[in-house]
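start.txt follows; it contains compact mmCIF, C-alpha atoms and all ligand atoms.
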# COMPACT_ATOMS: atom_id res chain seq x y z
CA MET A 1 118.71 119.46 125.07
CA ARG A 2 116.81 118.78 121.86
CA ALA A 3 113.29 117.72 122.85
CA LEU A 4 110.57 116.39 120.56
CA VAL A 5 107.28 117.88 121.80
CA LEU A 6 104.21 116.00 120.67
CA SER A 7 100.61 115.45 121.66
CA ASP A 8 97.47 113.49 120.81
CA ILE A 9 99.01 110.42 119.17
CA HIS A 10 95.60 108.74 119.51
CA SER A 11 96.71 105.19 118.72
CA ASN A 12 97.94 106.19 115.25
CA LEU A 13 101.22 104.32 114.87
CA ALA A 14 101.82 105.29 111.22
CA ALA A 15 101.61 108.97 112.18
CA LEU A 16 103.85 108.47 115.23
CA GLU A 17 106.51 106.64 113.21
CA ALA A 18 106.50 109.39 110.59
CA VAL A 19 107.04 112.03 113.29
CA LEU A 20 109.83 110.06 115.00
CA SER A 21 111.68 109.56 111.75
CA ASP A 22 111.15 113.15 110.55
CA ALA A 23 112.32 114.57 113.90
CA GLY A 24 115.61 112.66 113.75
CA GLU A 25 117.88 112.40 116.78
CA VAL A 26 116.39 113.89 119.96
CA ASP A 27 117.44 113.69 123.59
CA GLN A 28 113.97 113.31 125.01
CA VAL A 29 110.33 113.10 123.92
CA TRP A 30 107.87 115.33 125.76
CA CYS A 31 104.40 113.88 125.33
CA LEU A 32 101.33 115.95 126.22
CA GLY A 33 98.86 113.10 126.59
CA ASP A 34 96.16 111.23 124.66
CA LEU A 35 98.41 108.41 123.55
CA VAL A 36 95.29 106.31 122.99
CA GLY A 37 91.68 106.63 121.85
CA TYR A 38 90.28 107.06 118.30
CA GLY A 39 92.88 104.99 116.43
CA PRO A 40 93.79 101.33 115.86
CA ASP A 41 97.17 100.89 117.63
CA PRO A 42 96.96 101.66 121.35
CA ASN A 43 99.54 99.11 122.55
CA GLU A 44 101.96 99.76 119.70
CA CYS A 45 101.92 103.52 120.32
CA ILE A 46 102.40 103.25 124.08
CA SER A 47 105.18 100.70 123.67
CA ARG A 48 106.94 102.86 121.05
CA ILE A 49 106.93 105.88 123.37
CA ARG A 50 108.08 103.75 126.31
CA GLU A 51 111.14 102.64 124.33
CA LEU A 52 112.32 106.25 124.13
CA PRO A 53 113.69 108.57 126.82
CA HIS A 54 110.55 110.53 127.55
CA ILE A 55 108.24 112.31 129.93
CA CYS A 56 104.47 112.23 129.55
CA VAL A 57 101.28 113.57 131.10
CA ALA A 58 97.80 112.03 130.95
CA GLY A 59 95.01 113.19 128.64
CA ASN A 60 91.23 112.81 128.70
CA HIS A 61 91.29 109.86 126.28
CA ASP A 62 93.93 108.09 128.38
CA TYR A 63 91.60 108.48 131.36
CA GLY A 64 88.59 107.48 129.26
CA VAL A 65 90.26 104.29 128.10
CA LEU A 66 91.30 103.49 131.68
CA GLY A 67 87.77 104.08 132.98
CA LYS A 68 88.96 107.02 135.13
CA LEU A 69 86.50 109.34 133.35
CA ASP A 70 82.80 108.89 132.74
CA LEU A 71 82.50 108.08 129.03
CA SER A 72 79.09 109.75 128.86
CA ASP A 73 81.09 113.01 128.64
CA PHE A 74 82.51 111.80 125.27
CA ASN A 75 80.66 111.98 121.95
CA SER A 76 79.39 108.62 120.69
CA HIS A 77 82.25 107.97 118.21
CA ALA A 78 84.94 108.89 120.71
CA ARG A 79 83.23 106.70 123.31
CA GLU A 80 83.03 103.71 120.97
CA ALA A 81 86.73 104.09 120.09
CA CYS A 82 87.64 104.45 123.79
CA LEU A 83 85.86 101.19 124.61
CA TRP A 84 87.57 99.41 121.70
CA ASN A 85 90.97 100.79 122.82
CA ARG A 86 90.22 99.65 126.37
CA ARG A 87 89.64 96.07 125.22
CA GLN A 88 92.99 96.01 123.39
CA LEU A 89 95.16 97.42 126.16
CA SER A 90 97.71 95.04 127.71
CA ALA A 91 97.91 94.91 131.50
CA ASP A 92 101.39 96.39 131.37
CA ASN A 93 100.39 99.34 129.18
CA ARG A 94 97.30 99.91 131.29
CA GLN A 95 99.56 100.19 134.32
CA TYR A 96 101.83 102.61 132.48
CA LEU A 97 98.89 104.90 131.51
CA ASP A 98 97.46 104.67 135.00
CA ALA A 99 100.71 105.98 136.51
CA LEU A 100 100.80 109.15 134.36
CA GLY A 101 100.40 112.41 136.25
CA GLU A 102 98.32 115.39 135.12
CA THR A 103 101.01 118.08 135.30
CA LEU A 104 104.79 118.01 134.88
CA VAL A 105 107.30 120.80 135.29
CA THR A 106 110.70 120.61 133.65
CA GLY A 107 113.00 123.63 133.61
CA ASP A 108 111.11 126.63 132.22
CA PHE A 109 108.21 124.51 130.97
CA THR A 110 104.95 123.26 132.46
CA LEU A 111 103.42 120.33 130.59
CA VAL A 112 99.69 119.52 130.63
CA HIS A 113 97.21 117.99 128.22
CA GLY A 114 94.32 120.48 128.31
CA SER A 115 95.14 123.54 130.37
CA PRO A 116 97.12 124.33 133.53
CA ARG A 117 93.82 125.21 135.25
CA MET A 118 92.06 121.96 134.29
CA PRO A 119 94.75 119.63 132.93
CA ILE A 120 92.50 116.88 131.65
CA TRP A 121 89.46 118.57 130.16
CA GLU A 122 89.77 122.28 129.41
CA TYR A 123 90.42 123.29 125.78
CA ILE A 124 92.56 126.37 125.14
CA LEU A 125 90.96 127.31 121.84
CA GLY A 126 91.37 131.07 121.87
CA PRO A 127 92.88 134.04 123.70
CA GLU A 128 90.08 134.15 126.31
CA GLU A 129 90.78 130.65 127.63
CA ALA A 130 94.53 131.28 127.39
CA GLU A 131 94.33 134.54 129.31
CA ALA A 132 92.36 132.87 132.10
CA ASN A 133 95.08 130.22 132.40
CA PHE A 134 98.29 132.27 132.73
CA GLY A 135 97.72 132.51 136.48
CA PHE A 136 97.71 128.74 136.84
CA PHE A 137 101.37 127.97 136.09
CA ASP A 138 104.61 129.39 137.50
CA THR A 139 107.08 128.73 134.70
CA PRO A 140 107.63 131.13 131.78
CA TYR A 141 106.12 128.69 129.30
CA CYS A 142 103.32 126.12 129.28
CA LEU A 143 102.93 123.35 126.69
CA VAL A 144 99.40 122.08 126.00
CA GLY A 145 97.69 119.74 123.55
CA HIS A 146 94.06 118.56 123.44
CA THR A 147 92.75 120.86 120.64
CA HIS A 148 94.91 119.17 117.95
CA VAL A 149 95.55 122.65 116.53
CA PRO A 150 99.08 124.15 116.60
CA ALA A 151 98.99 127.59 118.17
CA ILE A 152 100.80 130.02 120.41
CA PHE A 153 99.29 132.35 123.01
CA ILE A 154 101.21 135.34 124.35
CA GLU A 155 100.44 136.84 127.74
CA GLY A 156 99.77 140.57 127.48
CA THR A 157 99.34 143.34 130.01
CA SER A 158 95.79 144.07 128.86
CA SER A 159 94.90 141.12 126.65
CA CYS A 160 96.31 137.86 125.38
CA LYS A 161 97.26 137.41 121.72
CA ALA A 162 96.90 134.17 119.77
CA PHE A 163 98.78 133.07 116.65
CA PRO A 164 98.62 129.90 114.58
CA LEU A 165 101.94 128.06 114.26
CA ARG A 166 102.95 127.52 110.64
CA ALA A 167 104.87 124.50 109.36
CA GLY A 168 108.57 125.30 109.14
CA GLN A 169 108.23 128.22 111.53
CA SER A 170 111.02 128.76 114.01
CA LEU A 171 110.58 130.97 117.04
CA SER A 172 112.99 132.23 119.72
CA LEU A 173 111.23 132.31 123.06
CA GLY A 174 111.82 135.58 124.86
CA PRO A 175 110.72 137.16 128.13
CA GLU A 176 107.00 137.00 127.28
CA ARG A 177 105.09 134.19 128.94
CA LEU A 178 103.60 131.76 126.45
CA ILE A 179 101.17 128.87 126.12
CA ILE A 180 102.23 126.71 123.18
CA ASN A 181 100.38 123.89 121.44
CA PRO A 182 102.38 121.65 119.05
CA GLY A 183 99.20 120.36 117.35
CA GLY A 184 98.15 116.73 117.08
CA VAL A 185 100.12 113.74 115.79
CA GLY A 186 97.38 111.22 115.20
CA GLN A 187 94.31 113.29 114.36
CA PRO A 188 95.12 116.87 113.27
CA ARG A 189 92.13 119.23 113.27
CA ASP A 190 93.30 122.36 111.49
CA GLY A 191 92.53 121.24 107.94
CA ASP A 192 96.05 119.88 107.34
CA PRO A 193 96.06 116.07 107.63
CA GLY A 194 99.85 115.93 108.17
CA ALA A 195 101.07 114.88 111.62
CA SER A 196 102.04 117.92 113.69
CA TYR A 197 104.91 118.29 116.15
CA MET A 198 107.53 120.64 117.56
CA ILE A 199 111.25 120.53 118.27
CA LEU A 200 112.44 122.47 121.29
CA ASP A 201 116.05 123.42 121.84
CA THR A 202 116.19 124.12 125.56
CA GLU A 203 119.63 125.79 125.44
CA ARG A 204 118.88 128.24 122.64
CA VAL A 205 115.23 128.36 123.81
CA VAL A 206 113.97 128.01 120.26
CA ILE A 207 110.96 126.06 119.00
CA GLU A 208 110.49 124.77 115.49
CA HIS A 209 107.13 123.59 114.23
CA TYR A 210 106.80 120.83 111.63
CA ARG A 211 104.19 118.88 109.68
CA VAL A 212 104.89 115.51 108.14
CA ASP A 213 102.83 113.43 105.71
CA TYR A 214 102.23 109.84 106.74
CA PRO A 215 100.45 106.91 105.07
CA ILE A 216 96.95 107.87 106.25
CA GLU A 217 95.39 104.98 104.31
CA GLU A 218 97.44 102.51 106.38
CA THR A 219 95.83 103.79 109.59
CA GLN A 220 92.42 103.92 107.91
CA LYS A 221 92.71 100.29 106.76
CA ARG A 222 93.53 99.19 110.28
CA MET A 223 90.63 101.21 111.69
CA LEU A 224 88.25 99.64 109.18
CA LYS A 225 89.48 96.17 110.12
CA ALA A 226 88.97 96.99 113.81
CA GLY A 227 85.40 98.14 113.11
CA LEU A 228 86.03 101.67 114.40
CA PRO A 229 83.44 104.37 113.48
CA PRO A 230 83.57 105.41 109.77
CA GLN A 231 83.43 109.10 110.73
CA LEU A 232 86.71 108.74 112.65
CA ILE A 233 88.27 107.00 109.65
CA ALA A 234 87.13 109.66 107.18
CA ARG A 235 88.23 112.69 109.21
CA LEU A 236 91.92 111.70 109.04
CA SER A 237 91.93 112.43 105.29
CA ILE A 238 90.83 116.02 105.75
CA GLY A 239 92.69 116.87 108.95
CA TRP A 240 89.67 117.51 111.06
ZN ZN B 301 93.11 114.41 121.75

Kindly present the structure from the file in C-alpha cells form.
Amino acid sequence: MRALVLSDIHSNLAALEAVLSDAGEVDQVWCLGDLVGYGPDPNECISRIRELPHICVAGNHDYGVLGKLDLSDFNSHAREACLWNRRQLSADNRQYLDALGETLVTGDFTLVHGSPRMPIWEYILGPEEAEANFGFFDTPYCLVGHTHVPAIFIEGTSSCKAFPLRAGQSLSLGPERLIINPGGVGQPRDGDPGASYMILDTERVVIEHYRVDYPIEETQKRMLKAGLPPQLIARLSIGW
C-alpha cells in the first residue's frame, strides 16, 4: 500500500490541497491529528480528508476546538484561533472530530499525535523524549506529529539517535525501531515554509519525505479576513 502520512493540517486548505496534488495517487491517507486550529478553513479541511480513504487520530488542537481540553493550557494566539475554529465547525464535522481516537495501530505502525506515552500533549522534540517513549508502543515503528518538525528517532541499546528528515530523502526501514515525524502540513516550524509530508510504501517498507510550496498568501488573506491573530498569519511566511 502507498500511504500518504501527514500531520498538523491546522485548517490550512491551500497547504492541504498542495500536498494532496503533489503526493499523487495514494491508497490511504494516514493523518496524525490537528486537522483544525490556527488556520482559516476548519470545515473545508475536515471535509477534504473525509472524502478520502483515511485513518486519523486526534490532536491537542482538535480537542481544544471541541472543548475537550482546557484552553488555558494554550498560548493566547492558539486559544483565540481555537475559539474561532470552534465557532465555524459544522455539527457533522464536530461529530467526526469527537469520534477520533488517540492511538491507532495498523500493521507495523502505531499512530499518535504527540507521543505514544501521552498521545495528545507530549512533544517528542529530541532524543531524550524519544528514548523515554520507545517502551510505550509494541510495533516496530511509531508515527508522530505535534512538533511540526520532520525528524526520525532511532532506538539504541544505550542511547537514542535523532536525525532531521530532508526533503527528497528516501529511507528503507530496517530492524531498528523508529519514531518518525513527517513534519507539519499547515504550519511548518523548521524554518522551511513549504508544507511537509511523507509517502510510505508498506510493502517495500520505504518512506519518502517531501516539501511542497503552496500559495501561503492565499491562507494569510483568509486568516486576515477571519480576524485571526497577526502573529499566526506572519509565521506561515517563515516556516515557524
Ligand atoms: Zn499542531

CA of Asp190 (chain A) sits from CA of Asn133 (chain A) at a separation of 22.4 Å

What residues have any atom no more than 8 Å from ligand ZN 301 (chain B) when counting all atoms listed in the file, and can you list them as a list in words?
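With all atoms listed in the file and a cut-off of 8 Å, ligand ZN 301 (chain B) is contacted by Ser7, Asp8, Ile9, His10, Gly33, Asp34, Gly37, Gly59, Asn60, His61, Gly145, His146, Thr147, His148, Gly184 and Gln187 of chain A.
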
Restricting the calculation to all atoms listed in the file, which member of A:Cys45, A:Ala81, A:Ile179, A:Ala130 is positioned closest to Cys160 (chain A)?
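Closest residue, counting all atoms listed in the file: A:Ala130.
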
Closest atom pairs, residues of region 136-176 of chain A within 6 Å of region 98-111 of chain A, all atoms listed in the file, as CSV:
residue,atom,partner,partner_atom,distance
A:Thr139,CA,A:Asp108,CA,5.2
A:Pro140,CA,A:Asp108,CA,5.7
A:Tyr141,CA,A:Phe109,CA,5.0
A:Cys142,CA,A:Thr110,CA,4.6
A:Leu143,CA,A:Leu111,CA,5.0

Please indicate the distance in Å from CA of Gly183 (chain A) to CA of Ile233 (chain A), rounded to one decimal place.
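Separating CA of Gly183 (chain A) from CA of Ile233 (chain A) is a distance of 18.9 Å.
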
Neighbouring residues of Glu217 (chain A) were defined as those with any atom within 12 Å, considering only C-alpha atoms; residues of the same chain fewer than 2 positions away were excluded. Please report them as a PyMOL selection string.
chain A and resi 12+14-15+193+213-215+219-224+233-237

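Interatomic distance, CA of Ile180 (chain A) to CA of Ala151 (chain A): 6.0 Å.
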
Since the input is missing atoms, can you rebuild all heavy atoms for region 188-199 of chain A and write them as an mmCIF file, in the frame of the given file?
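Wrote it out as selection07.cif, contents follow:
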data_model
loop_
_atom_site.group_PDB
_atom_site.id
_atom_site.type_symbol
_atom_site.label_atom_id
_atom_site.label_comp_id
_atom_site.auth_asym_id
_atom_site.auth_seq_id
_atom_site.Cartn_x
_atom_site.Cartn_y
_atom_site.Cartn_z
ATOM 1 N N PRO A 188 95.073 115.404 113.376
ATOM 2 C CA PRO A 188 95.120 116.870 113.270
ATOM 3 C C PRO A 188 93.731 117.444 112.946
ATOM 4 O O PRO A 188 92.933 116.793 112.273
ATOM 5 C CB PRO A 188 96.082 117.108 112.108
ATOM 6 C CG PRO A 188 96.898 115.871 112.008
ATOM 7 C CD PRO A 188 95.985 114.754 112.415
ATOM 8 N N ARG A 189 93.473 118.643 113.462
ATOM 9 C CA ARG A 189 92.130 119.230 113.270
ATOM 10 C C ARG A 189 92.174 120.651 112.737
ATOM 11 O O ARG A 189 91.275 121.445 112.992
ATOM 12 C CB ARG A 189 91.379 119.238 114.605
ATOM 13 C CG ARG A 189 90.989 117.860 115.095
ATOM 14 C CD ARG A 189 90.186 117.941 116.376
ATOM 15 N NE ARG A 189 90.027 116.611 116.972
ATOM 16 C CZ ARG A 189 89.690 116.400 118.232
ATOM 17 N NH1 ARG A 189 89.471 117.427 119.033
ATOM 18 N NH2 ARG A 189 89.567 115.181 118.693
ATOM 19 N N ASP A 190 93.241 120.994 112.021
ATOM 20 C CA ASP A 190 93.300 122.360 111.490
ATOM 21 C C ASP A 190 93.230 122.380 109.970
ATOM 22 O O ASP A 190 93.627 123.351 109.331
ATOM 23 C CB ASP A 190 94.601 123.049 111.963
ATOM 24 C CG ASP A 190 95.852 122.320 111.477
ATOM 25 O OD1 ASP A 190 95.738 121.167 111.027
ATOM 26 O OD2 ASP A 190 96.946 122.920 111.530
ATOM 27 N N GLY A 191 92.701 121.283 109.394
ATOM 28 C CA GLY A 191 92.530 121.240 107.940
ATOM 29 C C GLY A 191 93.750 120.708 107.207
ATOM 30 O O GLY A 191 93.705 120.519 106.003
ATOM 31 N N ASP A 192 94.845 120.484 107.920
ATOM 32 C CA ASP A 192 96.050 119.880 107.340
ATOM 33 C C ASP A 192 96.166 118.477 107.925
ATOM 34 O O ASP A 192 96.365 118.324 109.126
ATOM 35 C CB ASP A 192 97.273 120.740 107.707
ATOM 36 C CG ASP A 192 98.578 120.158 107.164
ATOM 37 O OD1 ASP A 192 98.590 118.987 106.736
ATOM 38 O OD2 ASP A 192 99.593 120.883 107.186
ATOM 39 N N PRO A 193 96.035 117.436 107.081
ATOM 40 C CA PRO A 193 96.060 116.070 107.630
ATOM 41 C C PRO A 193 97.433 115.585 108.075
ATOM 42 O O PRO A 193 97.550 114.522 108.688
ATOM 43 C CB PRO A 193 95.529 115.215 106.470
ATOM 44 C CG PRO A 193 95.755 116.020 105.240
ATOM 45 C CD PRO A 193 95.763 117.467 105.637
ATOM 46 N N GLY A 194 98.505 116.333 107.776
ATOM 47 C CA GLY A 194 99.850 115.930 108.170
ATOM 48 C C GLY A 194 100.041 115.942 109.681
ATOM 49 O O GLY A 194 99.523 116.814 110.375
ATOM 50 N N ALA A 195 100.798 114.962 110.175
ATOM 51 C CA ALA A 195 101.070 114.880 111.620
ATOM 52 C C ALA A 195 101.856 116.121 112.065
ATOM 53 O O ALA A 195 102.776 116.563 111.379
ATOM 54 C CB ALA A 195 101.847 113.615 111.929
ATOM 55 N N SER A 196 101.497 116.640 113.209
ATOM 56 C CA SER A 196 102.040 117.920 113.690
ATOM 57 C C SER A 196 102.918 117.704 114.916
ATOM 58 O O SER A 196 102.593 116.894 115.785
ATOM 59 C CB SER A 196 100.828 118.800 114.061
ATOM 60 O OG SER A 196 101.217 120.095 114.412
ATOM 61 N N TYR A 197 104.047 118.391 114.970
ATOM 62 C CA TYR A 197 104.910 118.290 116.150
ATOM 63 C C TYR A 197 105.849 119.486 116.245
ATOM 64 O O TYR A 197 105.877 120.342 115.356
ATOM 65 C CB TYR A 197 105.715 116.974 116.134
ATOM 66 C CG TYR A 197 106.815 116.919 115.093
ATOM 67 C CD1 TYR A 197 108.142 117.239 115.426
ATOM 68 C CD2 TYR A 197 106.552 116.571 113.777
ATOM 69 C CE1 TYR A 197 109.162 117.186 114.473
ATOM 70 C CE2 TYR A 197 107.564 116.520 112.822
ATOM 71 C CZ TYR A 197 108.856 116.830 113.182
ATOM 72 O OH TYR A 197 109.866 116.799 112.239
ATOM 73 N N MET A 198 106.636 119.516 117.314
ATOM 74 C CA MET A 198 107.530 120.640 117.560
ATOM 75 C C MET A 198 108.883 120.107 118.057
ATOM 76 O O MET A 198 108.936 119.097 118.753
ATOM 77 C CB MET A 198 106.929 121.483 118.674
ATOM 78 C CG MET A 198 106.925 122.956 118.465
ATOM 79 S SD MET A 198 105.857 123.705 119.715
ATOM 80 C CE MET A 198 106.720 123.307 121.219
ATOM 81 N N ILE A 199 109.939 120.811 117.693
ATOM 82 C CA ILE A 199 111.250 120.530 118.270
ATOM 83 C C ILE A 199 111.625 121.722 119.146
ATOM 84 O O ILE A 199 111.491 122.876 118.731
ATOM 85 C CB ILE A 199 112.323 120.348 117.169
ATOM 86 C CG1 ILE A 199 112.030 119.113 116.302
ATOM 87 C CG2 ILE A 199 113.719 120.280 117.782
ATOM 88 C CD1 ILE A 199 112.267 117.783 116.978
#
